[in-house]
>>> print(open('final_0.txt').read())   # compact mmCIF, N, CA, C and O atoms
# COMPACT_ATOMS: atom_id res chain seq x y z
N MET A 634 173.00 -16.29 68.92
CA MET A 634 172.17 -17.25 69.59
C MET A 634 172.26 -18.64 68.96
O MET A 634 172.29 -19.63 69.65
N ARG A 635 172.29 -18.70 67.63
CA ARG A 635 172.33 -20.01 66.97
C ARG A 635 173.65 -20.72 67.23
O ARG A 635 173.69 -21.94 67.34
N LEU A 636 174.72 -19.94 67.35
CA LEU A 636 176.01 -20.53 67.66
C LEU A 636 175.98 -21.20 69.04
O LEU A 636 176.43 -22.33 69.20
N ARG A 637 175.40 -20.53 69.99
CA ARG A 637 175.24 -21.09 71.34
C ARG A 637 174.36 -22.33 71.31
O ARG A 637 174.64 -23.33 71.97
N HIS A 638 173.30 -22.28 70.52
CA HIS A 638 172.39 -23.42 70.38
C HIS A 638 173.16 -24.65 69.88
O HIS A 638 173.00 -25.75 70.44
N GLU A 639 174.00 -24.49 68.88
CA GLU A 639 174.77 -25.61 68.35
C GLU A 639 175.77 -26.13 69.38
O GLU A 639 175.97 -27.33 69.51
N ARG A 640 176.40 -25.22 70.11
CA ARG A 640 177.35 -25.64 71.14
C ARG A 640 176.65 -26.50 72.18
O ARG A 640 177.13 -27.57 72.55
N LYS A 641 175.49 -26.05 72.62
CA LYS A 641 174.75 -26.80 73.64
C LYS A 641 174.22 -28.12 73.08
O LYS A 641 174.18 -29.12 73.79
N ARG A 642 173.81 -28.12 71.81
CA ARG A 642 173.33 -29.36 71.19
C ARG A 642 174.42 -30.42 71.21
O ARG A 642 174.16 -31.59 71.43
N LEU A 643 175.66 -29.99 71.02
CA LEU A 643 176.79 -30.92 71.03
C LEU A 643 177.30 -31.23 72.43
O LEU A 643 178.19 -32.05 72.61
N GLY A 644 176.74 -30.55 73.44
CA GLY A 644 177.12 -30.82 74.82
C GLY A 644 178.50 -30.30 75.19
O GLY A 644 179.17 -30.89 76.04
N LEU A 645 178.91 -29.20 74.58
CA LEU A 645 180.25 -28.65 74.83
C LEU A 645 180.17 -27.34 75.60
O LEU A 645 179.22 -26.57 75.44
N ASN A 646 181.19 -27.10 76.42
CA ASN A 646 181.29 -25.79 77.06
C ASN A 646 181.98 -24.83 76.08
O ASN A 646 182.45 -25.24 75.02
N GLN A 647 182.07 -23.56 76.46
CA GLN A 647 182.65 -22.57 75.54
C GLN A 647 184.12 -22.85 75.23
O GLN A 647 184.55 -22.67 74.09
N ALA A 648 184.87 -23.29 76.22
CA ALA A 648 186.29 -23.56 75.98
C ALA A 648 186.48 -24.71 74.99
O ALA A 648 187.28 -24.60 74.05
N ASP A 649 185.72 -25.78 75.17
CA ASP A 649 185.84 -26.93 74.26
C ASP A 649 185.33 -26.60 72.86
O ASP A 649 185.91 -27.01 71.86
N PHE A 650 184.24 -25.86 72.79
CA PHE A 650 183.71 -25.48 71.48
C PHE A 650 184.68 -24.54 70.78
O PHE A 650 184.90 -24.66 69.57
N GLY A 651 185.27 -23.63 71.55
CA GLY A 651 186.28 -22.73 70.98
C GLY A 651 187.46 -23.50 70.43
O GLY A 651 187.95 -23.21 69.33
N ARG A 652 187.93 -24.50 71.17
CA ARG A 652 189.03 -25.34 70.68
C ARG A 652 188.66 -26.04 69.39
O ARG A 652 189.47 -26.16 68.49
N LEU A 653 187.41 -26.52 69.32
CA LEU A 653 186.93 -27.16 68.10
C LEU A 653 187.06 -26.21 66.91
O LEU A 653 187.43 -26.63 65.81
N GLY A 654 186.79 -24.93 67.14
CA GLY A 654 186.89 -23.93 66.09
C GLY A 654 188.26 -23.28 65.98
O GLY A 654 188.48 -22.42 65.14
N GLY A 655 189.19 -23.69 66.86
CA GLY A 655 190.55 -23.14 66.81
C GLY A 655 190.70 -21.76 67.42
O GLY A 655 191.60 -21.01 67.05
N VAL A 656 189.81 -21.44 68.38
CA VAL A 656 189.88 -20.13 69.03
C VAL A 656 189.85 -20.31 70.55
O VAL A 656 189.54 -21.37 71.06
N SER A 657 190.13 -19.23 71.26
CA SER A 657 190.11 -19.25 72.72
C SER A 657 188.68 -19.20 73.25
O SER A 657 187.73 -18.88 72.52
N ARG A 658 188.54 -19.50 74.54
CA ARG A 658 187.24 -19.40 75.19
C ARG A 658 186.74 -17.95 75.11
O ARG A 658 185.55 -17.69 74.87
N HIS A 659 187.64 -17.00 75.29
CA HIS A 659 187.26 -15.59 75.22
C HIS A 659 186.68 -15.25 73.84
O HIS A 659 185.62 -14.61 73.75
N SER A 660 187.34 -15.70 72.78
CA SER A 660 186.83 -15.44 71.43
C SER A 660 185.47 -16.10 71.24
O SER A 660 184.55 -15.50 70.67
N GLN A 661 185.32 -17.32 71.76
CA GLN A 661 184.05 -18.02 71.64
C GLN A 661 182.94 -17.23 72.34
O GLN A 661 181.85 -17.08 71.80
N THR A 662 183.24 -16.71 73.51
CA THR A 662 182.26 -15.90 74.24
C THR A 662 181.87 -14.67 73.43
O THR A 662 180.68 -14.33 73.34
N GLU A 663 182.85 -14.03 72.81
CA GLU A 663 182.57 -12.85 71.99
C GLU A 663 181.72 -13.19 70.77
O GLU A 663 180.81 -12.45 70.41
N TYR A 664 182.00 -14.33 70.15
CA TYR A 664 181.20 -14.76 68.99
C TYR A 664 179.76 -15.02 69.40
O TYR A 664 178.83 -14.59 68.71
N GLU A 665 179.58 -15.74 70.50
CA GLU A 665 178.22 -16.08 70.94
C GLU A 665 177.43 -14.83 71.34
O GLU A 665 176.22 -14.78 71.15
N ALA A 666 178.11 -13.84 71.87
CA ALA A 666 177.45 -12.59 72.27
C ALA A 666 177.27 -11.65 71.07
O ALA A 666 176.68 -10.58 71.22
N GLU A 667 177.76 -12.08 69.91
CA GLU A 667 177.69 -11.30 68.67
C GLU A 667 178.37 -9.95 68.79
O GLU A 667 177.95 -8.97 68.17
N ARG A 668 179.45 -9.90 69.60
CA ARG A 668 180.24 -8.68 69.74
C ARG A 668 181.40 -8.67 68.75
O ARG A 668 181.93 -7.62 68.43
N THR A 669 181.77 -9.87 68.28
CA THR A 669 182.88 -10.01 67.34
C THR A 669 182.46 -10.95 66.22
O THR A 669 181.92 -12.02 66.50
N PRO A 670 182.69 -10.58 64.96
CA PRO A 670 182.34 -11.50 63.87
C PRO A 670 183.36 -12.63 63.76
O PRO A 670 184.55 -12.44 64.02
N PHE A 671 182.89 -13.81 63.40
CA PHE A 671 183.79 -14.95 63.20
C PHE A 671 184.18 -15.02 61.73
O PHE A 671 183.55 -14.40 60.88
N ASN A 672 185.24 -15.79 61.44
CA ASN A 672 185.70 -15.90 60.06
C ASN A 672 185.41 -17.28 59.47
O ASN A 672 184.94 -18.19 60.17
N SER A 673 185.70 -17.45 58.20
CA SER A 673 185.38 -18.69 57.51
C SER A 673 186.24 -19.86 58.00
O SER A 673 185.75 -21.00 58.03
N ASP A 674 187.47 -19.62 58.40
CA ASP A 674 188.30 -20.71 58.93
C ASP A 674 187.66 -21.32 60.18
O ASP A 674 187.64 -22.54 60.35
N TYR A 675 187.17 -20.48 61.03
CA TYR A 675 186.48 -20.91 62.25
C TYR A 675 185.28 -21.78 61.89
O TYR A 675 185.09 -22.87 62.42
N MET A 676 184.47 -21.31 60.94
CA MET A 676 183.28 -22.06 60.56
C MET A 676 183.63 -23.39 59.90
O MET A 676 182.97 -24.40 60.14
N LEU A 677 184.68 -23.43 59.10
CA LEU A 677 185.10 -24.68 58.47
C LEU A 677 185.53 -25.69 59.53
O LEU A 677 185.19 -26.88 59.43
N ARG A 678 186.26 -25.23 60.53
CA ARG A 678 186.67 -26.15 61.61
C ARG A 678 185.47 -26.66 62.39
O ARG A 678 185.41 -27.84 62.74
N LEU A 679 184.51 -25.79 62.64
CA LEU A 679 183.31 -26.22 63.34
C LEU A 679 182.54 -27.26 62.52
O LEU A 679 182.07 -28.25 63.06
N GLN A 680 182.45 -27.02 61.22
CA GLN A 680 181.74 -27.96 60.36
C GLN A 680 182.40 -29.33 60.41
O GLN A 680 181.73 -30.36 60.49
N GLU A 681 183.73 -29.36 60.39
CA GLU A 681 184.46 -30.62 60.49
C GLU A 681 184.20 -31.31 61.82
O GLU A 681 184.28 -32.53 61.92
N GLY A 682 183.86 -30.53 62.83
CA GLY A 682 183.57 -31.07 64.16
C GLY A 682 182.12 -31.45 64.37
O GLY A 682 181.73 -31.80 65.48
N GLY A 683 181.30 -31.35 63.35
CA GLY A 683 179.92 -31.78 63.46
C GLY A 683 178.90 -30.68 63.70
O GLY A 683 177.72 -30.96 63.93
N VAL A 684 179.33 -29.44 63.63
CA VAL A 684 178.41 -28.32 63.82
C VAL A 684 177.59 -28.13 62.55
O VAL A 684 178.11 -28.21 61.44
N ASP A 685 176.30 -27.87 62.71
CA ASP A 685 175.42 -27.58 61.58
C ASP A 685 175.63 -26.12 61.19
O ASP A 685 174.94 -25.22 61.65
N VAL A 686 176.61 -25.90 60.31
CA VAL A 686 176.99 -24.55 59.91
C VAL A 686 175.85 -23.87 59.15
O VAL A 686 175.65 -22.66 59.29
N ALA A 687 175.09 -24.62 58.38
CA ALA A 687 173.95 -24.03 57.67
C ALA A 687 172.98 -23.40 58.67
O ALA A 687 172.48 -22.30 58.45
N PHE A 688 172.75 -24.09 59.78
CA PHE A 688 171.86 -23.55 60.80
C PHE A 688 172.45 -22.29 61.43
O PHE A 688 171.75 -21.29 61.61
N VAL A 689 173.74 -22.32 61.76
CA VAL A 689 174.39 -21.17 62.39
C VAL A 689 174.29 -19.95 61.48
O VAL A 689 173.98 -18.85 61.93
N LEU A 690 174.52 -20.14 60.19
CA LEU A 690 174.55 -19.01 59.26
C LEU A 690 173.17 -18.53 58.81
O LEU A 690 172.98 -17.34 58.61
N THR A 691 172.23 -19.45 58.65
CA THR A 691 170.95 -19.07 58.06
C THR A 691 169.74 -19.27 58.96
O THR A 691 168.68 -18.73 58.68
N GLY A 692 169.89 -20.09 59.98
CA GLY A 692 168.75 -20.42 60.83
C GLY A 692 167.97 -21.62 60.34
O GLY A 692 167.07 -22.10 61.02
N ALA A 693 168.32 -22.13 59.15
CA ALA A 693 167.67 -23.33 58.61
C ALA A 693 168.64 -24.49 58.76
O ALA A 693 169.75 -24.46 58.24
N ALA A 694 168.22 -25.49 59.50
CA ALA A 694 169.08 -26.65 59.73
C ALA A 694 169.37 -27.38 58.43
O ALA A 694 168.52 -27.46 57.55
N ALA A 695 170.58 -27.93 58.33
CA ALA A 695 170.96 -28.69 57.14
C ALA A 695 170.02 -29.86 56.93
O ALA A 695 169.68 -30.21 55.81
N GLY A 696 169.56 -30.47 57.98
CA GLY A 696 168.64 -31.60 57.90
C GLY A 696 167.21 -31.18 58.18
O GLY A 696 166.45 -31.93 58.77
N ALA A 697 166.84 -29.97 57.76
CA ALA A 697 165.53 -29.42 58.10
C ALA A 697 164.37 -30.28 57.60
O ALA A 697 163.30 -30.25 58.16
N ALA A 698 164.60 -31.06 56.55
CA ALA A 698 163.52 -31.89 56.02
C ALA A 698 163.23 -33.08 56.95
O ALA A 698 162.20 -33.70 56.85
N LEU A 699 164.17 -33.39 57.83
CA LEU A 699 163.99 -34.50 58.76
C LEU A 699 163.19 -34.05 59.97
O LEU A 699 163.31 -32.91 60.41
N PRO A 700 162.41 -34.94 60.54
CA PRO A 700 161.72 -34.57 61.78
C PRO A 700 162.73 -34.37 62.91
O PRO A 700 163.81 -34.98 62.91
N GLU A 701 162.40 -33.52 63.83
CA GLU A 701 163.30 -33.22 64.96
C GLU A 701 163.67 -34.49 65.73
O GLU A 701 164.78 -34.61 66.24
N SER A 702 162.77 -35.45 65.79
CA SER A 702 163.04 -36.69 66.52
C SER A 702 164.18 -37.49 65.89
O SER A 702 164.79 -38.33 66.55
N ALA A 703 164.50 -37.25 64.61
CA ALA A 703 165.56 -37.98 63.93
C ALA A 703 166.94 -37.37 64.18
O ALA A 703 167.95 -38.03 64.00
N ARG A 704 166.97 -36.13 64.62
CA ARG A 704 168.24 -35.42 64.78
C ARG A 704 169.21 -36.12 65.74
O ARG A 704 170.39 -36.27 65.41
N PRO A 705 168.79 -36.58 66.93
CA PRO A 705 169.75 -37.26 67.82
C PRO A 705 170.32 -38.53 67.19
O PRO A 705 171.51 -38.82 67.35
N LEU A 706 169.49 -39.25 66.45
CA LEU A 706 169.97 -40.45 65.77
C LEU A 706 171.02 -40.10 64.72
O LEU A 706 172.08 -40.73 64.65
N ILE A 707 170.76 -39.09 63.93
CA ILE A 707 171.71 -38.66 62.90
C ILE A 707 173.00 -38.16 63.55
O ILE A 707 174.10 -38.49 63.09
N ASP A 708 172.88 -37.39 64.62
CA ASP A 708 174.07 -36.89 65.32
C ASP A 708 174.96 -38.03 65.79
O ASP A 708 176.18 -38.01 65.61
N GLN A 709 174.36 -39.04 66.40
CA GLN A 709 175.14 -40.18 66.90
C GLN A 709 175.71 -41.00 65.75
O GLN A 709 176.86 -41.46 65.82
N PHE A 710 174.93 -41.18 64.70
CA PHE A 710 175.40 -41.93 63.53
C PHE A 710 176.65 -41.27 62.95
O PHE A 710 177.61 -41.95 62.60
N MET A 711 176.65 -39.95 62.86
CA MET A 711 177.78 -39.23 62.26
C MET A 711 179.04 -39.32 63.11
O MET A 711 180.14 -39.12 62.61
N ARG A 712 178.90 -39.64 64.36
CA ARG A 712 180.07 -39.80 65.24
C ARG A 712 180.73 -41.16 65.10
O ARG A 712 181.85 -41.36 65.58
N LEU A 713 180.05 -42.10 64.45
CA LEU A 713 180.60 -43.45 64.27
C LEU A 713 181.65 -43.46 63.16
O LEU A 713 181.58 -42.67 62.23
N ASP A 714 182.57 -44.42 63.25
CA ASP A 714 183.51 -44.60 62.14
C ASP A 714 182.77 -45.32 61.01
O ASP A 714 181.61 -45.70 61.14
N ALA A 715 183.45 -45.51 59.88
CA ALA A 715 182.82 -46.11 58.70
C ALA A 715 182.24 -47.49 59.00
O ALA A 715 181.14 -47.83 58.56
N ARG A 716 182.95 -48.29 59.77
CA ARG A 716 182.48 -49.64 60.09
C ARG A 716 181.21 -49.57 60.96
O ARG A 716 180.25 -50.31 60.73
N GLY A 717 181.21 -48.71 61.94
CA GLY A 717 180.05 -48.55 62.79
C GLY A 717 178.83 -48.09 62.00
O GLY A 717 177.72 -48.58 62.20
N GLN A 718 179.03 -47.15 61.07
CA GLN A 718 177.94 -46.69 60.24
C GLN A 718 177.39 -47.83 59.38
O GLN A 718 176.18 -47.96 59.21
N GLN A 719 178.29 -48.64 58.84
CA GLN A 719 177.86 -49.78 58.03
C GLN A 719 177.00 -50.75 58.84
O GLN A 719 175.98 -51.24 58.37
N ILE A 720 177.43 -51.03 60.06
CA ILE A 720 176.67 -51.94 60.93
C ILE A 720 175.27 -51.38 61.20
O ILE A 720 174.27 -52.11 61.13
N VAL A 721 175.19 -50.09 61.50
CA VAL A 721 173.89 -49.47 61.77
C VAL A 721 173.00 -49.55 60.53
O VAL A 721 171.81 -49.88 60.63
N LEU A 722 173.55 -49.26 59.36
CA LEU A 722 172.76 -49.34 58.12
C LEU A 722 172.24 -50.75 57.87
O LEU A 722 171.08 -50.94 57.49
N GLU A 723 173.09 -51.74 58.10
CA GLU A 723 172.67 -53.13 57.92
C GLU A 723 171.55 -53.49 58.90
O GLU A 723 170.57 -54.14 58.52
N LEU A 724 171.68 -53.05 60.14
CA LEU A 724 170.65 -53.31 61.14
C LEU A 724 169.33 -52.66 60.75
O LEU A 724 168.27 -53.29 60.78
N VAL A 725 169.37 -51.40 60.35
CA VAL A 725 168.15 -50.69 59.99
C VAL A 725 167.52 -51.31 58.75
O VAL A 725 166.30 -51.49 58.69
N ASN A 726 168.32 -51.67 57.77
CA ASN A 726 167.78 -52.33 56.57
C ASN A 726 167.12 -53.65 56.94
O ASN A 726 166.04 -53.97 56.44
N HIS A 727 167.75 -54.41 57.81
CA HIS A 727 167.18 -55.68 58.25
C HIS A 727 165.85 -55.46 58.95
O HIS A 727 164.86 -56.15 58.67
N MET A 728 165.81 -54.50 59.85
CA MET A 728 164.58 -54.21 60.58
C MET A 728 163.47 -53.75 59.64
O MET A 728 162.32 -54.15 59.76
N ALA A 729 163.81 -52.90 58.67
CA ALA A 729 162.80 -52.40 57.72
C ALA A 729 162.27 -53.54 56.85
O ALA A 729 161.06 -53.60 56.56
N ASN A 730 163.13 -54.47 56.46
CA ASN A 730 162.69 -55.60 55.64
C ASN A 730 161.83 -56.57 56.43
O ASN A 730 160.98 -57.24 55.86
N GLN A 731 162.03 -56.64 57.74
CA GLN A 731 161.21 -57.51 58.59
C GLN A 731 159.77 -57.02 58.64
O GLN A 731 158.85 -57.80 58.76
N ARG A 732 159.60 -55.71 58.55
CA ARG A 732 158.26 -55.10 58.64
C ARG A 732 157.54 -55.13 57.31
O ARG A 732 156.33 -54.99 57.26
N ALA A 733 158.28 -55.29 56.22
CA ALA A 733 157.67 -55.22 54.88
C ALA A 733 156.89 -56.48 54.54
O ALA A 733 156.97 -57.50 55.05
>>> encode(input="final_0.txt", output="structure tokens")
Amino acid sequence: MRLRHERKRLGLNQADFGRLGGVSRHSQTEYEAERTPFNSDYMLRLQEGGVDVAFVLTGAAAGAALPESARPLIDQFMRLDARGQQIVLELVNHMANQRA
């Protein structure tokens, strides 16, 4: 169930999520149905693709200390390149200093 939750959070269908993990759509379906165990290579590829592997494996989100409302912001931030992330950080720092 948690694997499916992460796939849907990322807005991917089973075929695309399977490709992210280096497996076929059929294998992805089997993993999500918990009929076939997945391996560490699959999980490493998913982690590189932005999947919260800690959540998939344990049920506790990697960013569990953050409020749920922050998760979409963090997800989008992580999709930016280094320059984009720097711009966002500068903007947020500027906004926070304006309020202080």
>>> closest_residue(input="final_0.txt", among="A:Gln680, A:Gln647, A:Ser673, A:Gln661", to="A:Ala695", atoms="only C-alpha atoms")
A:Gln680
>>> atom_distance(input="final_0.txt", atom1="atom N of A:His727", atom2="atom C of A:Gln709")
17.5 Å
>>> closest_residue(input="final_0.txt", among="A:Ala703, A:Leu636, A:Leu722, A:Leu713", to="A:Pro670", atoms="only C-alpha atoms")
A:Leu636
>>> atom_distance(input="final_0.txt", atom1="atom N of A:Pro705", atom2="atom CA of A:Leu724")
17.8 Å
>>> select_by_dssp(input="final_0.txt", residues="chain A", states="alpha helix (DSSP H)", output="VMD selection string")
chain A and resid 635 to 642 647 to 654 658 to 665 673 to 681 686 to 691 704 to 712 715 to 732
>>> atom_distance(input="final_0.txt", atom1="atom C of A:Leu645", atom2="atom C of A:Gly682")
12.1 Å
>>> axis_aligned_box(input="final_0.txt", around="stretch 648-653 of chain A", padding_each_side="3 Å", output="lines of an AutoDock Vina configuration file")
center_x = 186.6
center_y = -24.9
center_z = 71.0
size_x = 11.8
size_y = 10.4
size_z = 16.4
>>> closest_residue(input="final_0.txt", among="A:Ala648, A:Ile720, A:Leu653, A:Val686", to="A:Asp674", atoms="only N, CA, C and O atoms")
A:Leu653
>>> closest_residue(input="final_0.txt", among="A:Asn730, A:Gly683, A:Arg642, A:Thr691", to="A:Arg712", atoms="only C-alpha atoms")
A:Gly683
>>> residues_near_point(input="final_0.txt", point="(175.2, -24.6, 70.0)", cutoff="12 Å", atoms="only C-alpha atoms", output="ChimeraX atom specification")
/A:634-647,649-651,661-662,664-665,679,683-686,688-689,692
